[in-house]
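As structure tokens, the structure follows; a few thoughts come after it.
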Amino acid sequence: MPYSIDTCRMIDLPKIHDPRGNLTFIESGNPIPFDIQRVYYLYDVPGGAERGGHAHKDLHQLIIAMSGSFDVVLDDGKDKQRIHLNRSYNGLYICPMIWRELDNFSSGSVCMVLASNKYDEADYYRDYAEFMRARWQA
Ligand code: TYD
């Protein structure tokens, strides 16, 4: 399989410690393995809600818990992994062709996503069976 959950990984973002408050910055290319074309964020997530539930054909993403915490479940059609995000200086890199679900949002949490391309509904697999068929054809 060209992409698997082993390609996904936690990326430590630079952190400038300061008694006035810490600072983290993100630049395209390094340490983020793609150019950032879009930023979006999830907030006001009600208790018990689930987000995601899809895969992307070509999109690369970095997910950061800017505030609070939540879980991301990665599924490459063979293996699954649940990852807890709760640090604003850690990002979860997700490569294309990974089914992801987000849940277990803490109250007031904010999930920021950096993406390698603009929004394109044609890039989504929203049907798990369709994702699996494409996965095993790859
Ligand atoms: P979706 O990607 O399904 O959200 P999530 O993965 O966080 O659960 O998107 C939800 C809706 O928002 C859907 O109608 C598409 C729209 N949307 C945009 O218009 N632009 C965007 O950049 C994103 C991420 C979603």
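Identifiers for the structure tokens are assigned positionally: chains receive A, B, ... in sequence, residues are indexed from 1 per chain, and ligands are indexed from 1 in the order shown.
With a cut-off of 6 Å and using only C-alpha atoms and all ligand atoms, the polymer residues contacting ligand 1 are A:Tyr40, A:Arg51, A:Gly52, A:Tyr119.
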Mind writing the picked residues with C-alpha atoms as a PDB file, in the first residue's frame?
```pdb
ATOM      1  CA  TYR A  40      -9.797  25.468   9.069  1.00  0.00           C
ATOM      2  CA  ARG A  51     -16.371  14.603  13.190  1.00  0.00           C
ATOM      3  CA  GLY A  52     -14.466  13.322  10.197  1.00  0.00           C
ATOM      4  CA  TYR A 119     -11.565  22.602  -0.251  1.00  0.00           C
TER       5      TYR A 119
END
```
Could the residues of range 68-106 of chain A that have an atom at most 12 Å from range 18-24 of chain A be listed as a Markdown table, each with its closest atom pair and the distance in Å to one decimal, counting only C-alpha atoms and ordered by chain and ascending residue number?
```
| residue | atom | partner | partner_atom | distance |
| --- | --- | --- | --- | --- |
| A:Arg87 | CA | A:Thr24 | CA | 11.0 |
| A:Ser88 | CA | A:Thr24 | CA | 8.0 |
| A:Tyr89 | CA | A:Thr24 | CA | 6.3 |
| A:Asn90 | CA | A:Thr24 | CA | 9.7 |
| A:Gly91 | CA | A:Thr24 | CA | 11.2 |
```
For the residues in that selection, give me C-alpha atoms as an mmCIF file, in the first residue's frame.
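Saved the output as again29.cif:
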```cif
data_model
loop_
_atom_site.group_PDB
_atom_site.id
_atom_site.type_symbol
_atom_site.label_atom_id
_atom_site.label_comp_id
_atom_site.auth_asym_id
_atom_site.auth_seq_id
_atom_site.Cartn_x
_atom_site.Cartn_y
_atom_site.Cartn_z
ATOM 1 C CA ARG A 87 -0.860 19.797 23.037
ATOM 2 C CA SER A 88 -0.803 22.929 20.895
ATOM 3 C CA TYR A 89 2.867 22.251 20.027
ATOM 4 C CA ASN A 90 2.209 18.765 18.560
ATOM 5 C CA GLY A 91 0.640 18.146 15.175
#
```
Please list as a PyMOL selection string every residue within 8 Å of Arg82 in chain A, counting only C-alpha atoms and excluding residues in the same chain fewer than 3 positions away. chain A and resi 71-74
In Å, with one decimal, what is the gap from CA of Ile16 in chain A to CA of Leu114 in chain A?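 We find that CA of Ile16 in chain A and CA of Leu114 in chain A lie 20.4 Å from each other.
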Strand (DSSP E) residues, from DSSP on the backbone, in chain A, as a PyMOL selection string: chain A and resi 9-12+15-16+23-24+38-42+51-56+61-67+70-75+80-85+90-94+99-103+110-115+124-125
Tell me which protein, DNA and RNA residues are within 7 Å of Asp123 in chain A, counting only C-alpha atoms, leaving out same-chain ones fewer than 6 positions away, and put them as an mmCIF file with N, CA and C atoms, in the first residue's frame.
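The file below, result-v3.cif, is the result:
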```cif
data_model
loop_
_atom_site.group_PDB
_atom_site.id
_atom_site.type_symbol
_atom_site.label_atom_id
_atom_site.label_comp_id
_atom_site.auth_asym_id
_atom_site.auth_seq_id
_atom_site.Cartn_x
_atom_site.Cartn_y
_atom_site.Cartn_z
ATOM 1 N N HIS A 56 -9.340 11.261 2.280
ATOM 2 C CA HIS A 56 -9.032 12.151 1.153
ATOM 3 C C HIS A 56 -8.165 11.424 0.139
ATOM 4 N N LYS A 57 -8.404 11.734 -1.134
ATOM 5 C CA LYS A 57 -7.642 11.089 -2.202
ATOM 6 C C LYS A 57 -6.213 11.627 -2.267
ATOM 7 N N ASP A 58 -6.061 12.935 -2.211
ATOM 8 C CA ASP A 58 -4.733 13.542 -2.416
ATOM 9 C C ASP A 58 -4.302 14.499 -1.312
#
```
Neighbours of Asn86 in chain A within 6 Å (only C-alpha atoms; same-chain residues fewer than 4 positions away dropped), as a ChimeraX atom specification? /A:65,68-69
Take the residues that were just selected and, keeping all heavy atoms, output them as a compact mmCIF listing (two decimals), in the first residue's frame.
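To be explicit, this is the file written out as selection05.txt:
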```txt
# COMPACT_ATOMS: atom_id res chain seq x y z
N ALA A 65 -4.44 20.13 18.31
CA ALA A 65 -5.37 20.51 19.37
C ALA A 65 -4.92 21.87 19.89
O ALA A 65 -4.02 21.96 20.73
CB ALA A 65 -5.36 19.46 20.49
N GLY A 68 -7.71 22.34 24.61
CA GLY A 68 -8.42 21.14 25.02
C GLY A 68 -7.85 19.90 24.36
O GLY A 68 -6.66 19.85 24.00
N SER A 69 -8.69 18.90 24.17
CA SER A 69 -8.19 17.61 23.67
C SER A 69 -9.29 16.89 22.90
O SER A 69 -10.48 17.18 23.04
CB SER A 69 -7.73 16.74 24.84
OG SER A 69 -8.82 16.41 25.67
```
Mind checking which residues fall within 12 Å of Glu130 in chain A, counting only C-alpha atoms, ignoring those fewer than 2 positions away in the same chain, and posting them as a PDB file with N, CA and C atoms, in the first residue's frame?
```pdb
ATOM      1  N   HIS A  54     -14.363  10.257   6.985  1.00  0.00           N
ATOM      2  CA  HIS A  54     -14.066  10.303   5.548  1.00  0.00           C
ATOM      3  C   HIS A  54     -12.560  10.130   5.348  1.00  0.00           C
ATOM      4  N   ALA A  55     -12.183   9.963   4.076  1.00  0.00           N
ATOM      5  CA  ALA A  55     -10.765   9.936   3.687  1.00  0.00           C
ATOM      6  C   ALA A  55     -10.589  10.910   2.532  1.00  0.00           C
ATOM      7  N   HIS A  56      -9.340  11.261   2.280  1.00  0.00           N
ATOM      8  CA  HIS A  56      -9.032  12.151   1.153  1.00  0.00           C
ATOM      9  C   HIS A  56      -8.165  11.424   0.139  1.00  0.00           C
ATOM     10  N   LYS A  57      -8.404  11.734  -1.134  1.00  0.00           N
ATOM     11  CA  LYS A  57      -7.642  11.089  -2.202  1.00  0.00           C
ATOM     12  C   LYS A  57      -6.213  11.627  -2.267  1.00  0.00           C
ATOM     13  N   GLY A  77      -7.449   0.944   6.196  1.00  0.00           N
ATOM     14  CA  GLY A  77      -8.115  -0.176   5.547  1.00  0.00           C
ATOM     15  C   GLY A  77      -7.561  -1.510   6.011  1.00  0.00           C
ATOM     16  N   MET A  97      -5.435   9.042   1.659  1.00  0.00           N
ATOM     17  CA  MET A  97      -5.966   7.671   1.690  1.00  0.00           C
ATOM     18  C   MET A  97      -5.989   7.062   3.099  1.00  0.00           C
ATOM     19  N   TRP A  99      -8.675   6.851   6.289  1.00  0.00           N
ATOM     20  CA  TRP A  99      -9.986   7.149   6.865  1.00  0.00           C
ATOM     21  C   TRP A  99      -9.765   7.665   8.281  1.00  0.00           C
ATOM     22  N   TYR A 124     -12.885  13.870  -1.594  1.00  0.00           N
ATOM     23  CA  TYR A 124     -13.331  13.079  -0.433  1.00  0.00           C
ATOM     24  C   TYR A 124     -13.787  11.678  -0.832  1.00  0.00           C
ATOM     25  N   TYR A 125     -13.499  10.694   0.014  1.00  0.00           N
ATOM     26  CA  TYR A 125     -14.280   9.465   0.093  1.00  0.00           C
ATOM     27  C   TYR A 125     -15.142   9.608   1.338  1.00  0.00           C
ATOM     28  N   ARG A 126     -16.439   9.673   1.157  1.00  0.00           N
ATOM     29  CA  ARG A 126     -17.328   9.768   2.326  1.00  0.00           C
ATOM     30  C   ARG A 126     -18.022   8.439   2.610  1.00  0.00           C
ATOM     31  N   ASP A 127     -17.823   7.490   1.700  1.00  0.00           N
ATOM     32  CA  ASP A 127     -18.429   6.170   1.860  1.00  0.00           C
ATOM     33  C   ASP A 127     -17.306   5.165   2.151  1.00  0.00           C
ATOM     34  N   TYR A 128     -17.400   4.486   3.310  1.00  0.00           N
ATOM     35  CA  TYR A 128     -16.296   3.615   3.737  1.00  0.00           C
ATOM     36  C   TYR A 128     -16.059   2.476   2.749  1.00  0.00           C
ATOM     37  N   MET A 132     -12.639   1.614   0.794  1.00  0.00           N
ATOM     38  CA  MET A 132     -11.972   0.308   0.859  1.00  0.00           C
ATOM     39  C   MET A 132     -11.709  -0.253  -0.539  1.00  0.00           C
ATOM     40  N   ARG A 133     -12.672  -0.078  -1.432  1.00  0.00           N
ATOM     41  CA  ARG A 133     -12.470  -0.563  -2.811  1.00  0.00           C
ATOM     42  C   ARG A 133     -11.286   0.155  -3.445  1.00  0.00           C
ATOM     43  N   ALA A 134     -11.245   1.483  -3.281  1.00  0.00           N
ATOM     44  CA  ALA A 134     -10.153   2.268  -3.875  1.00  0.00           C
ATOM     45  C   ALA A 134      -8.822   1.899  -3.224  1.00  0.00           C
ATOM     46  N   ARG A 135      -8.863   1.634  -1.931  1.00  0.00           N
ATOM     47  CA  ARG A 135      -7.664   1.326  -1.153  1.00  0.00           C
ATOM     48  C   ARG A 135      -6.971   0.069  -1.694  1.00  0.00           C
ATOM     49  N   TRP A 136      -7.780  -0.933  -1.967  1.00  0.00           N
ATOM     50  CA  TRP A 136      -7.197  -2.214  -2.352  1.00  0.00           C
ATOM     51  C   TRP A 136      -6.945  -2.323  -3.847  1.00  0.00           C
ATOM     52  N   GLN A 137      -7.425  -1.295  -4.584  1.00  0.00           N
ATOM     53  CA  GLN A 137      -7.062  -1.226  -6.004  1.00  0.00           C
ATOM     54  C   GLN A 137      -5.721  -0.539  -6.164  1.00  0.00           C
TER      55      GLN A 137
END
```
Taking only C-alpha atoms into account, which of A:Asp79, A:Ile64, A:Leu59, A:Ser109 comes nearest Phe34 in chain A?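 Residue with the minimum atom-to-atom distance to Phe34 in chain A: A:Leu59.
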Within 9 Å of His60 in chain A using only C-alpha atoms, minus same-chain residues under 3 positions, as an MDAnalysis selection string: chainID A and resid 33:34 56 93:96 114:117
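What separates CA of Phe105 in chain A from CA of Asp76 in chain A is a distance of 22.4 Å.
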